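work_8.cif (mmCIF, C-alpha atoms)
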data_protein
loop_
_atom_site.label_atom_id
_atom_site.label_comp_id
_atom_site.auth_asym_id
_atom_site.auth_seq_id
_atom_site.Cartn_x
_atom_site.Cartn_y
_atom_site.Cartn_z
CA MET A 1 -102.79 67.45 10.30
CA ASN A 2 -103.56 66.21 6.79
CA LYS A 3 -105.63 68.78 4.90
CA ASN A 4 -108.15 67.73 2.31
CA LYS A 5 -106.47 68.41 -1.08
CA ASN A 6 -109.79 69.63 -2.50
CA SER A 7 -109.84 72.53 -0.04
CA LEU A 8 -106.35 73.73 -1.02
CA PRO A 9 -105.67 76.14 -3.89
CA LYS A 10 -104.45 74.35 -7.00
CA LEU A 11 -100.90 75.04 -8.16
CA LEU A 12 -100.01 73.77 -11.64
CA ILE A 13 -96.35 73.22 -12.50
CA ALA A 14 -95.73 73.16 -16.26
CA ASP A 15 -92.14 72.26 -17.05
CA GLU A 16 -90.62 69.63 -19.30
CA ASP A 17 -88.02 68.90 -16.61
CA GLU A 18 -89.72 66.15 -14.63
CA ASP A 19 -87.16 66.21 -11.81
CA LEU A 20 -87.61 69.94 -11.27
CA SER A 21 -91.39 69.54 -11.37
CA LYS A 22 -91.29 66.81 -8.73
CA SER A 23 -88.97 68.87 -6.52
CA LEU A 24 -91.27 71.88 -6.73
CA ALA A 25 -94.26 69.67 -5.99
CA LEU A 26 -92.61 68.58 -2.75
CA VAL A 27 -91.93 72.20 -1.79
CA PHE A 28 -95.57 73.22 -2.23
CA SER A 29 -97.44 70.04 -1.31
CA ASP A 30 -98.26 71.09 2.25
CA LYS A 31 -100.18 74.27 1.26
CA PHE A 32 -101.38 73.52 -2.27
CA ASP A 33 -103.07 70.87 -4.34
CA VAL A 34 -100.07 70.50 -6.65
CA ARG A 35 -100.47 69.19 -10.18
CA ILE A 36 -97.68 68.56 -12.67
CA ALA A 37 -97.94 68.91 -16.44
CA ASN A 38 -94.93 67.76 -18.40
CA ASP A 39 -96.84 67.67 -21.69
CA SER A 40 -99.67 69.47 -23.49
CA PRO A 41 -102.54 67.06 -22.72
CA ALA A 42 -101.80 67.17 -18.99
CA PHE A 43 -101.47 70.94 -19.12
CA LYS A 44 -104.82 71.45 -20.83
CA ALA A 45 -106.55 69.07 -18.42
CA GLU A 46 -105.28 70.85 -15.31
CA LEU A 47 -105.21 74.52 -16.31
CA GLU A 48 -108.88 75.38 -15.93
CA SER A 49 -109.04 74.94 -12.17
CA ALA A 50 -105.54 76.23 -11.32
CA VAL A 51 -105.08 79.27 -9.10
CA TYR A 52 -101.31 79.41 -9.64
CA LEU A 53 -99.35 78.47 -12.73
CA LEU A 54 -95.59 77.96 -12.59
CA ILE A 55 -94.62 77.66 -16.25
CA ASP A 56 -91.26 77.36 -17.96
CA VAL A 57 -90.71 80.18 -20.43
CA ASN A 58 -89.51 77.66 -23.04
CA ILE A 59 -92.99 76.16 -23.18
CA VAL A 60 -94.32 79.64 -23.88
CA GLU A 61 -91.66 80.24 -26.53
CA ASN A 62 -92.48 76.98 -28.29
CA LYS A 63 -96.16 77.88 -28.46
CA GLY A 64 -95.75 81.62 -29.02
CA ILE A 65 -96.79 84.79 -27.27
CA ASP A 66 -100.43 84.26 -28.31
CA PHE A 67 -100.44 81.18 -26.08
CA LEU A 68 -99.56 83.22 -22.99
CA ILE A 69 -101.94 86.01 -23.93
CA SER A 70 -104.76 83.50 -24.37
CA ILE A 71 -104.13 82.04 -20.90
CA ARG A 72 -104.20 85.54 -19.41
CA GLU A 73 -107.43 86.40 -21.25
CA LYS A 74 -109.22 83.12 -20.59
CA TYR A 75 -108.09 82.85 -16.96
CA PRO A 76 -107.62 86.46 -15.75
CA ASN A 77 -107.48 85.46 -12.07
CA ILE A 78 -104.72 82.87 -12.39
CA PHE A 79 -101.32 83.87 -11.03
CA ILE A 80 -98.72 83.17 -13.71
CA ILE A 81 -95.10 82.79 -12.67
CA LEU A 82 -92.62 82.31 -15.48
CA MET A 83 -89.54 80.22 -14.79
CA ASP A 84 -86.54 81.15 -16.92
CA LYS A 85 -82.80 80.69 -17.17
CA ALA A 86 -80.82 83.68 -15.95
CA VAL A 87 -78.86 84.06 -19.19
CA THR A 88 -81.05 84.57 -22.25
CA LYS A 89 -80.30 85.40 -25.86
CA LYS A 90 -83.84 86.57 -26.54
CA SER A 91 -84.20 89.00 -23.65
CA GLN A 92 -86.52 91.41 -25.48
CA LEU A 93 -88.93 88.64 -26.42
CA ARG A 94 -88.85 87.22 -22.92
CA THR A 95 -89.51 90.68 -21.49
CA LEU A 96 -92.66 90.72 -23.60
CA TYR A 97 -93.67 87.33 -22.18
CA LYS A 98 -93.10 88.58 -18.67
CA ARG A 99 -95.46 91.46 -19.36
CA TYR A 100 -98.30 88.93 -19.38
CA SER A 101 -97.25 87.19 -16.18
CA ASP A 102 -97.46 88.18 -12.52
CA ALA A 103 -93.85 87.37 -11.71
CA SER A 104 -90.78 85.60 -12.98
CA VAL A 105 -88.02 83.60 -11.38
CA PHE A 106 -84.65 82.59 -12.76
CA LYS A 107 -83.31 79.03 -12.67
CA PRO A 108 -81.67 77.76 -10.62
CA PHE A 109 -83.68 79.26 -7.80
CA ASP A 110 -83.93 78.72 -4.11
CA ALA A 111 -87.09 76.84 -3.09
CA GLY A 112 -87.67 79.29 -0.24
CA TYR A 113 -87.63 82.21 -2.66
CA ILE A 114 -90.30 80.76 -4.93
CA GLN A 115 -92.44 79.91 -1.89
CA LYS A 116 -92.25 83.55 -0.76
CA LEU A 117 -93.13 84.69 -4.27
CA VAL A 118 -96.24 82.51 -4.42
CA ASN A 119 -97.25 83.58 -0.90
CA ARG A 120 -96.82 87.25 -1.81
CA LEU A 121 -99.05 86.86 -4.86
CA GLY A 122 -101.67 85.10 -2.77
CA ALA A 123 -101.49 87.85 -0.14
CA LYS A 124 -102.28 90.45 -2.82
CA THR A 125 -105.58 88.73 -3.49
CA THR A 126 -106.39 88.33 0.19
CA ASN A 127 -105.60 91.99 0.91
CA SER A 128 -107.46 93.33 -2.13
CA SER A 129 -110.62 91.36 -1.36
CA ALA A 130 -110.67 92.39 2.31
#
Target encoding structure tokens, full file:
Amino acid sequence: MNKNKNSLPKLLIADEDEDLSKSLALVFSDKFDVRIANDSPAFKAELESAVYLLIDVNIVENKGIDFLISIREKYPNIFIILMDKAVTKKSQLRTLYKRYSDASVFKPFDAGYIQKLVNRLGAKTTNSSA
């Protein structure tokens, strides 16, 4: 059964790694209207209607903590999942970034794990609104 993409929740993948973005899009394409943003103009165009945001922490670092805070303030209902490398030199700063997200995942990650993470976040909303 082919679902109408407009009826699916929108998941925005923001990562400069186009191959990773495409792989993640395949993982989520059956349950989400997946959009990919590999640059700032695409990101800005897609963010407003996103329900989920998978964003690489390096994008946040390049723009600064105010960028992440502004997303959280402007879109309080969006689920933000930070994607990060397991080994970091700036762990304190990244911990601060993670404070403004709903979850984080370390690269490389198993596709099944990130699917469960997104589903768990979605279940929180479903359970809290019931």
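Comparing A:Ala123, A:Ile80, A:Lys107, A:Lys116 by their smallest distance to Leu20 in chain A, the closest is A:Lys107 (using only C-alpha atoms).
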Output the residue selection produced by the PyMOL selection byres ((chain A and resi 24) around 12) on the file above, formatted as a PDB file with C-alpha atoms, keeping the file's coordinate frame.
ATOM      1  CA  LEU A  11    -100.900  75.040  -8.160  1.00  0.00           C
ATOM      2  CA  LEU A  12    -100.010  73.770 -11.640  1.00  0.00           C
ATOM      3  CA  ILE A  13     -96.350  73.220 -12.500  1.00  0.00           C
ATOM      4  CA  ALA A  14     -95.730  73.160 -16.260  1.00  0.00           C
ATOM      5  CA  ASP A  15     -92.140  72.260 -17.050  1.00  0.00           C
ATOM      6  CA  ASP A  17     -88.020  68.900 -16.610  1.00  0.00           C
ATOM      7  CA  GLU A  18     -89.720  66.150 -14.630  1.00  0.00           C
ATOM      8  CA  ASP A  19     -87.160  66.210 -11.810  1.00  0.00           C
ATOM      9  CA  LEU A  20     -87.610  69.940 -11.270  1.00  0.00           C
ATOM     10  CA  SER A  21     -91.390  69.540 -11.370  1.00  0.00           C
ATOM     11  CA  LYS A  22     -91.290  66.810  -8.730  1.00  0.00           C
ATOM     12  CA  SER A  23     -88.970  68.870  -6.520  1.00  0.00           C
ATOM     13  CA  ALA A  25     -94.260  69.670  -5.990  1.00  0.00           C
ATOM     14  CA  LEU A  26     -92.610  68.580  -2.750  1.00  0.00           C
ATOM     15  CA  VAL A  27     -91.930  72.200  -1.790  1.00  0.00           C
ATOM     16  CA  PHE A  28     -95.570  73.220  -2.230  1.00  0.00           C
ATOM     17  CA  SER A  29     -97.440  70.040  -1.310  1.00  0.00           C
ATOM     18  CA  ASP A  30     -98.260  71.090   2.250  1.00  0.00           C
ATOM     19  CA  PHE A  32    -101.380  73.520  -2.270  1.00  0.00           C
ATOM     20  CA  VAL A  34    -100.070  70.500  -6.650  1.00  0.00           C
ATOM     21  CA  ARG A  35    -100.470  69.190 -10.180  1.00  0.00           C
ATOM     22  CA  ILE A  36     -97.680  68.560 -12.670  1.00  0.00           C
ATOM     23  CA  LEU A  54     -95.590  77.960 -12.590  1.00  0.00           C
ATOM     24  CA  ILE A  55     -94.620  77.660 -16.250  1.00  0.00           C
ATOM     25  CA  MET A  83     -89.540  80.220 -14.790  1.00  0.00           C
ATOM     26  CA  PRO A 108     -81.670  77.760 -10.620  1.00  0.00           C
ATOM     27  CA  PHE A 109     -83.680  79.260  -7.800  1.00  0.00           C
ATOM     28  CA  ASP A 110     -83.930  78.720  -4.110  1.00  0.00           C
ATOM     29  CA  ALA A 111     -87.090  76.840  -3.090  1.00  0.00           C
ATOM     30  CA  GLY A 112     -87.670  79.290  -0.240  1.00  0.00           C
ATOM     31  CA  TYR A 113     -87.630  82.210  -2.660  1.00  0.00           C
ATOM     32  CA  ILE A 114     -90.300  80.760  -4.930  1.00  0.00           C
ATOM     33  CA  GLN A 115     -92.440  79.910  -1.890  1.00  0.00           C
ATOM     34  CA  VAL A 118     -96.240  82.510  -4.420  1.00  0.00           C
TER      35      VAL A 118
END
Task: Contacts of Leu68 in chain A within 8 Å, only C-alpha atoms, excl. fewer than 5 positions in-chain, as a ChimeraX atom specification - done: /A:60,97,100
TODO: Record the distance separating CA of Asp102 in chain A and CA of Phe79 in chain A, expressed in Å with one decimal.
DONE: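 Interatomic distance here is 6.0 Å.
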- [ ] Rank nothing, just name the residue among A:Gly122, A:Arg72, A:Leu117, A:Glu16 nearest to Ala42 in chain A, using all atoms listed in the file.
- [x]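 Counting all atoms listed in the file, the residue closest to Ala42 in chain A is A:Glu16.
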Task: Selected residue of minimal separation from Glu61 in chain A among A:Pro9, A:Glu73, A:Ala45, A:Leu82, counting all atoms listed in the file - done: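 Looking at the shortest contact to Glu61 in chain A, the residue is A:Leu82.
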- [ ] Mind giving me the straight-line distance from CA of Arg120 in chain A to CA of Asp56 in chain A in Å, one decimal?
- [x] 19.7 Å
Open item on the list: If I take CA of Lys85 in chain A and CA of Phe106 in chain A, how far is one from the other in Å, to one decimal?
Closed with: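 For CA of Lys85 in chain A relative to CA of Phe106 in chain A, the distance reads 5.1 Å.
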Open item on the list: Under the rule that all atoms listed in the file are counted, which of A:Lys44, A:Lys63, A:Lys31, A:Lys98 is the nearest residue to Ile81 in chain A?
Closed with: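 Checking each of A:Lys44, A:Lys63, A:Lys31, A:Lys98 against Ile81 in chain A, counting all atoms listed in the file, the winner is A:Lys98.
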TODO: Quick one: apply the PyMOL selection byres ((chain A and resi 50) around 8) to the file and drop the selected residues here as a PyMOL selection string.
DONE: chain A and resi 9-12+46-49+51-53+78
Draw an axis-aligned box tight on the listed atoms of range 18-31 of chain A, then pad every side by 4 Å and write out centre and edge lengths in Å to one decimal as JSON.
{"center_x": -93.7, "center_y": 70.2, "center_z": -6.2, "size_x": 21.0, "size_y": 16.1, "size_z": 24.9}
Open item on the list: Here is a test: counting all atoms listed in the file, which residue of A:Lys74, A:Ser7, A:Ser101, A:Ile59 is nearest to Asp39 in chain A?
Closed with: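 With all atoms listed in the file as the atom set, the closest residue is A:Ile59.
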